[in-house]
Amino acid sequence: MNGVYAKTKSLCPVCAGECEATYREEADGIFLHIECPAHGGTVEQAERDVGFFKKSYETDYSPPPPHLVLPVTYRCNLNCRYCYTLSNSGGPLPEDRSIDRLLEITREFPGNVTLIGGEPTVRHDLFDLIRAAKAQRPDQRLSLGTNGQRLRELSYVQALMSSGLDFVFLSVNDVAYEASPQVHENKVTALENCATLGIPVWLHRTVDAIDQLDTLPVLLETYRKTIFQVTVRAVKPFGTSYPASEVFVSDMAFHLGVEHDCRKGVNPFNRFVRLAGKKVKLSSWTNDLPRVEPLDSRYLISSDVMTSFHRGMRMDEVLLRRMVQGRGRRPPQPEFLPCSRSATGRPLNLPEDLLDSPQVPRLCPGRGDARALFP
Ligand code: SF4
């Protein structure tokens with residue numbers, strides 16, 4: 001126990017700088033120890049089930065084709081409790097990129113593109129953007145990552161289709177994990193509208209409790225002709241999300257009774273299984289740069305530099321906490337963090353951990369003003 005299982009590179013949760021990391025096997029799972037020269041050590045739990053983790057980690061996996069996840073705005077019409085973006089930070093948001101700028105980015109990208117936010121449907125010129133992007137690159141599959149609230153109107157889904165959108169990447173969580181029952185109902189109506197018009201849906205579900213998986217098979221069965229792929233993501237304790245306990249990929253596989261269905265994922269930290277006849281990706285995030293960075297979706301966040309999806313999330317996280325603190329608000333405080341702790345025993349994710357650091361201004365030239373980091 002406590003032996004080093006593997007070495008890797010990771011990102012410091014304070015400054016998002018690259019640093020050395022080691023996986024260590026402990027009594028209650030596999031932990032990633034991250035050593036930042038400037039901010040010291042932090043620890044994240046990567047898996048609860050050691051055997052499950054090792055089997056994945058030692059299995060070959062196939063890199064997916066490049067895929068750009070492109071935020072077109074940081075504004076949003078919801079306030080989800082698991083939000084990891086800047087949208088509801090209360091601080092200033094980066095300005096939306098112009099259509100011309102977005103087209104420049106997608107023109108050069110060698111793969112498919114998903115437009116996300118915040119919530120992309122708050123942009124009034126979204127249909128123009130989709131039309132122009134498809135006219136420019138008809139070969140590029142273009143999808144929309146949305147919370148579905150605008151798609152409750154059939155005419156809106158019709159307009160998306162007419163603009164040339166290829167499919168919808170729709171978030172539908174268990175009703176217990178939505179902002180309200182009405183939000184959930186709107187999402188189901190959105191799904192129904194996509195079914196009516198024949199627009200394909202890649203369903204996305206975020207969970208912070210294992211029983212939130214139980215309503216998934218019925219949904220997949222009901223909309224089997226519309227839903228062509230599914231991703232289930234276990235929320236991690238960062239951003240504004242501090243679940244009372246963490247769900248791991250092994251928990252989901254065991255709960256769904258598919259623990260023996262161990263098809264390789266697109267990185268060692270996720271698993272493809274079959275559920276109600278659909279291909280389902282069970283996923284979580286592990287801050288392992290060499291294994292996640294070249295393989296997962298790329299996320300465009302600052303200075304028009306394409307960074308990894310994971311690095312993007314980390315940077316959002318860092319900026320979010322600075323902005324919240326800058327406004328005199330504190331993010332929700334966890335009562336305990338059973339799965340994330342600092343090497344010194346202090347809990348992670350507290351603003352003081354960020355603000356005590358003399359290194360903070362290096363990455364945040366105008367604390368409280370994230371625009372300095374965005375074009
Ligand atoms: S998770 Fe997405 S839909 Fe929810 S508040 Fe954040 S940006 Fe908006």
# chains A, B, ... in the order shown; residues from 1 in each chain; ligands from 1
call {"tool": "residues_around", "arguments": {"residues": "Glu25 in chain A", "least_positions_apart": "4", "cutoff": "12 Å", "atoms": "only C-alpha atoms", "output": "PyMOL selection string"}}
result
chain A and resi 1-6+29-33+45-51+53-54
call {"tool": "residues_around", "arguments": {"residues": "Ala209 in chain A", "least_positions_apart": "5", "cutoff": "8 Å", "atoms": "only C-alpha atoms", "output": "list of chain:residue names"}}
result
A:Ser245, A:Glu246, A:Val247
call {"tool": "residues_near_ligand", "arguments": {"ligand": "ligand 1", "cutoff": "10 Å", "atoms": "only C-alpha atoms and all ligand atoms", "output": "number ranges by chain"}}
result
A: 71, 73-89, 116-120, 145-149, 171, 178-179, 206, 239-240
call {"tool": "write_last_selection", "arguments": {"atoms": "N, CA and C atoms", "output": "mmCIF file, in the first residue's frame"}}
result
data_model
loop_
_atom_site.group_PDB
_atom_site.id
_atom_site.type_symbol
_atom_site.label_atom_id
_atom_site.label_comp_id
_atom_site.auth_asym_id
_atom_site.auth_seq_id
_atom_site.Cartn_x
_atom_site.Cartn_y
_atom_site.Cartn_z
ATOM 1 N N PRO A 71 -16.641 27.008 -27.302
ATOM 2 C CA PRO A 71 -17.616 27.885 -26.639
ATOM 3 C C PRO A 71 -17.923 29.099 -27.528
ATOM 4 N N THR A 73 -20.282 31.339 -26.425
ATOM 5 C CA THR A 73 -20.622 32.356 -25.431
ATOM 6 C C THR A 73 -20.384 31.754 -24.056
ATOM 7 N N TYR A 74 -20.236 32.606 -23.058
ATOM 8 C CA TYR A 74 -20.212 32.100 -21.680
ATOM 9 C C TYR A 74 -21.504 32.444 -20.945
ATOM 10 N N ARG A 75 -22.425 33.127 -21.647
ATOM 11 C CA ARG A 75 -23.709 33.428 -21.014
ATOM 12 C C ARG A 75 -24.558 32.157 -20.968
ATOM 13 N N CYS A 76 -25.474 32.115 -20.017
ATOM 14 C CA CYS A 76 -26.321 30.925 -19.915
ATOM 15 C C CYS A 76 -27.670 31.315 -19.326
ATOM 16 N N ASN A 77 -28.707 30.523 -19.677
ATOM 17 C CA ASN A 77 -30.045 30.779 -19.149
ATOM 18 C C ASN A 77 -30.399 29.844 -17.997
ATOM 19 N N LEU A 78 -29.423 29.087 -17.503
ATOM 20 C CA LEU A 78 -29.667 28.224 -16.343
ATOM 21 C C LEU A 78 -28.596 28.461 -15.295
ATOM 22 N N ASN A 79 -28.769 27.823 -14.177
ATOM 23 C CA ASN A 79 -27.774 27.894 -13.115
ATOM 24 C C ASN A 79 -27.672 26.514 -12.472
ATOM 25 N N CYS A 80 -27.063 25.592 -13.216
ATOM 26 C CA CYS A 80 -27.009 24.201 -12.737
ATOM 27 C C CYS A 80 -26.076 24.095 -11.541
ATOM 28 N N ARG A 81 -26.391 23.198 -10.667
ATOM 29 C CA ARG A 81 -25.555 23.095 -9.461
ATOM 30 C C ARG A 81 -24.190 22.469 -9.749
ATOM 31 N N TYR A 82 -24.063 21.815 -10.889
ATOM 32 C CA TYR A 82 -22.790 21.174 -11.212
ATOM 33 C C TYR A 82 -21.985 21.988 -12.219
ATOM 34 N N CYS A 83 -22.380 23.246 -12.461
ATOM 35 C CA CYS A 83 -21.748 24.031 -13.526
ATOM 36 C C CYS A 83 -20.257 24.236 -13.232
ATOM 37 N N TYR A 84 -19.423 24.037 -14.234
ATOM 38 C CA TYR A 84 -17.979 24.225 -14.069
ATOM 39 C C TYR A 84 -17.488 25.375 -14.921
ATOM 40 N N THR A 85 -18.402 26.096 -15.584
ATOM 41 C CA THR A 85 -17.962 27.188 -16.447
ATOM 42 C C THR A 85 -18.055 28.510 -15.691
ATOM 43 N N LEU A 86 -17.691 29.561 -16.384
ATOM 44 C CA LEU A 86 -17.718 30.888 -15.771
ATOM 45 C C LEU A 86 -19.129 31.466 -15.709
ATOM 46 N N SER A 87 -20.097 30.798 -16.341
ATOM 47 C CA SER A 87 -21.388 31.421 -16.638
ATOM 48 C C SER A 87 -22.087 32.043 -15.439
ATOM 49 N N ASN A 88 -22.074 31.343 -14.313
ATOM 50 C CA ASN A 88 -22.808 31.856 -13.160
ATOM 51 C C ASN A 88 -21.877 32.282 -12.032
ATOM 52 N N SER A 89 -20.700 32.738 -12.395
ATOM 53 C CA SER A 89 -19.723 33.116 -11.386
ATOM 54 C C SER A 89 -20.077 34.441 -10.728
ATOM 55 N N ILE A 116 -20.620 25.028 -28.059
ATOM 56 C CA ILE A 116 -21.148 24.964 -26.694
ATOM 57 C C ILE A 116 -21.153 26.361 -26.079
ATOM 58 N N GLY A 117 -21.452 26.423 -24.779
ATOM 59 C CA GLY A 117 -21.443 27.687 -24.058
ATOM 60 C C GLY A 117 -20.634 27.544 -22.793
ATOM 61 N N GLY A 118 -21.066 28.164 -21.733
ATOM 62 C CA GLY A 118 -22.418 28.683 -21.462
ATOM 63 C C GLY A 118 -23.486 27.894 -22.200
ATOM 64 N N GLU A 119 -24.461 28.611 -22.673
ATOM 65 C CA GLU A 119 -25.549 27.996 -23.432
ATOM 66 C C GLU A 119 -25.601 28.665 -24.810
ATOM 67 N N PRO A 120 -25.256 27.928 -25.852
ATOM 68 C CA PRO A 120 -25.129 28.564 -27.177
ATOM 69 C C PRO A 120 -26.427 29.166 -27.698
ATOM 70 N N GLY A 145 -24.055 21.656 -28.312
ATOM 71 C CA GLY A 145 -24.146 21.193 -26.930
ATOM 72 C C GLY A 145 -25.070 22.127 -26.160
ATOM 73 N N THR A 146 -26.230 21.632 -25.753
ATOM 74 C CA THR A 146 -27.259 22.530 -25.218
ATOM 75 C C THR A 146 -27.955 21.945 -23.997
ATOM 76 N N ASN A 147 -28.494 22.874 -23.182
ATOM 77 C CA ASN A 147 -29.317 22.436 -22.041
ATOM 78 C C ASN A 147 -30.778 22.245 -22.447
ATOM 79 N N GLY A 148 -31.093 22.487 -23.698
ATOM 80 C CA GLY A 148 -32.399 22.111 -24.252
ATOM 81 C C GLY A 148 -33.554 23.043 -23.941
ATOM 82 N N GLN A 149 -33.323 24.122 -23.208
ATOM 83 C CA GLN A 149 -34.478 24.942 -22.816
ATOM 84 C C GLN A 149 -35.126 25.608 -24.034
ATOM 85 N N SER A 171 -28.181 17.687 -22.883
ATOM 86 C CA SER A 171 -28.018 17.296 -21.484
ATOM 87 C C SER A 171 -29.383 16.990 -20.873
ATOM 88 N N GLU A 178 -31.642 18.102 -11.655
ATOM 89 C CA GLU A 178 -31.867 19.286 -12.479
ATOM 90 C C GLU A 178 -32.119 20.496 -11.584
ATOM 91 N N ALA A 179 -32.036 21.670 -12.217
ATOM 92 C CA ALA A 179 -32.268 22.895 -11.457
ATOM 93 C C ALA A 179 -33.702 22.933 -10.926
ATOM 94 N N THR A 206 -25.230 13.979 -16.417
ATOM 95 C CA THR A 206 -24.285 14.179 -15.325
ATOM 96 C C THR A 206 -24.920 13.624 -14.052
ATOM 97 N N GLY A 239 -15.066 23.340 -9.550
ATOM 98 C CA GLY A 239 -16.025 24.296 -10.098
ATOM 99 C C GLY A 239 -16.970 24.702 -8.976
ATOM 100 N N THR A 240 -18.270 24.646 -9.263
ATOM 101 C CA THR A 240 -19.230 24.933 -8.195
ATOM 102 C C THR A 240 -19.823 23.637 -7.656
#
call {"tool": "atom_distance", "arguments": {"atom1": "CA of Arg271 in chain A", "atom2": "CA of Ser283 in chain A"}}
result
6.7 Å
call {"tool": "atom_distance", "arguments": {"atom1": "CA of Leu70 in chain A", "atom2": "CA of Arg97 in chain A"}}
result
10.5 Å
call {"tool": "closest_residue", "arguments": {"among": "A:Phe269, A:Ser155, A:Met161, A:Thr42", "to": "Glu58 in chain A", "atoms": "only C-alpha atoms"}}
result
A:Phe269
call {"tool": "residues_around", "arguments": {"residues": "Leu115 in chain A", "least_positions_apart": "6", "cutoff": "10 Å", "atoms": "only C-alpha atoms", "output": "PyMOL selection string"}}
result
chain A and resi 68-73+102+121+126+129-130+142-146+168-169
call {"tool": "atom_distance", "arguments": {"atom1": "CA of Phe52 in chain A", "atom2": "CA of Asp251 in chain A"}}
result
10.0 Å
call {"tool": "select_by_dssp", "arguments": {"residues": "range 99-221 of chain A", "states": "alpha helix (DSSP H)", "output": "VMD selection string"}}
result
chain A and resid 99 to 108 126 to 136 154 to 163 181 to 197 216 to 221
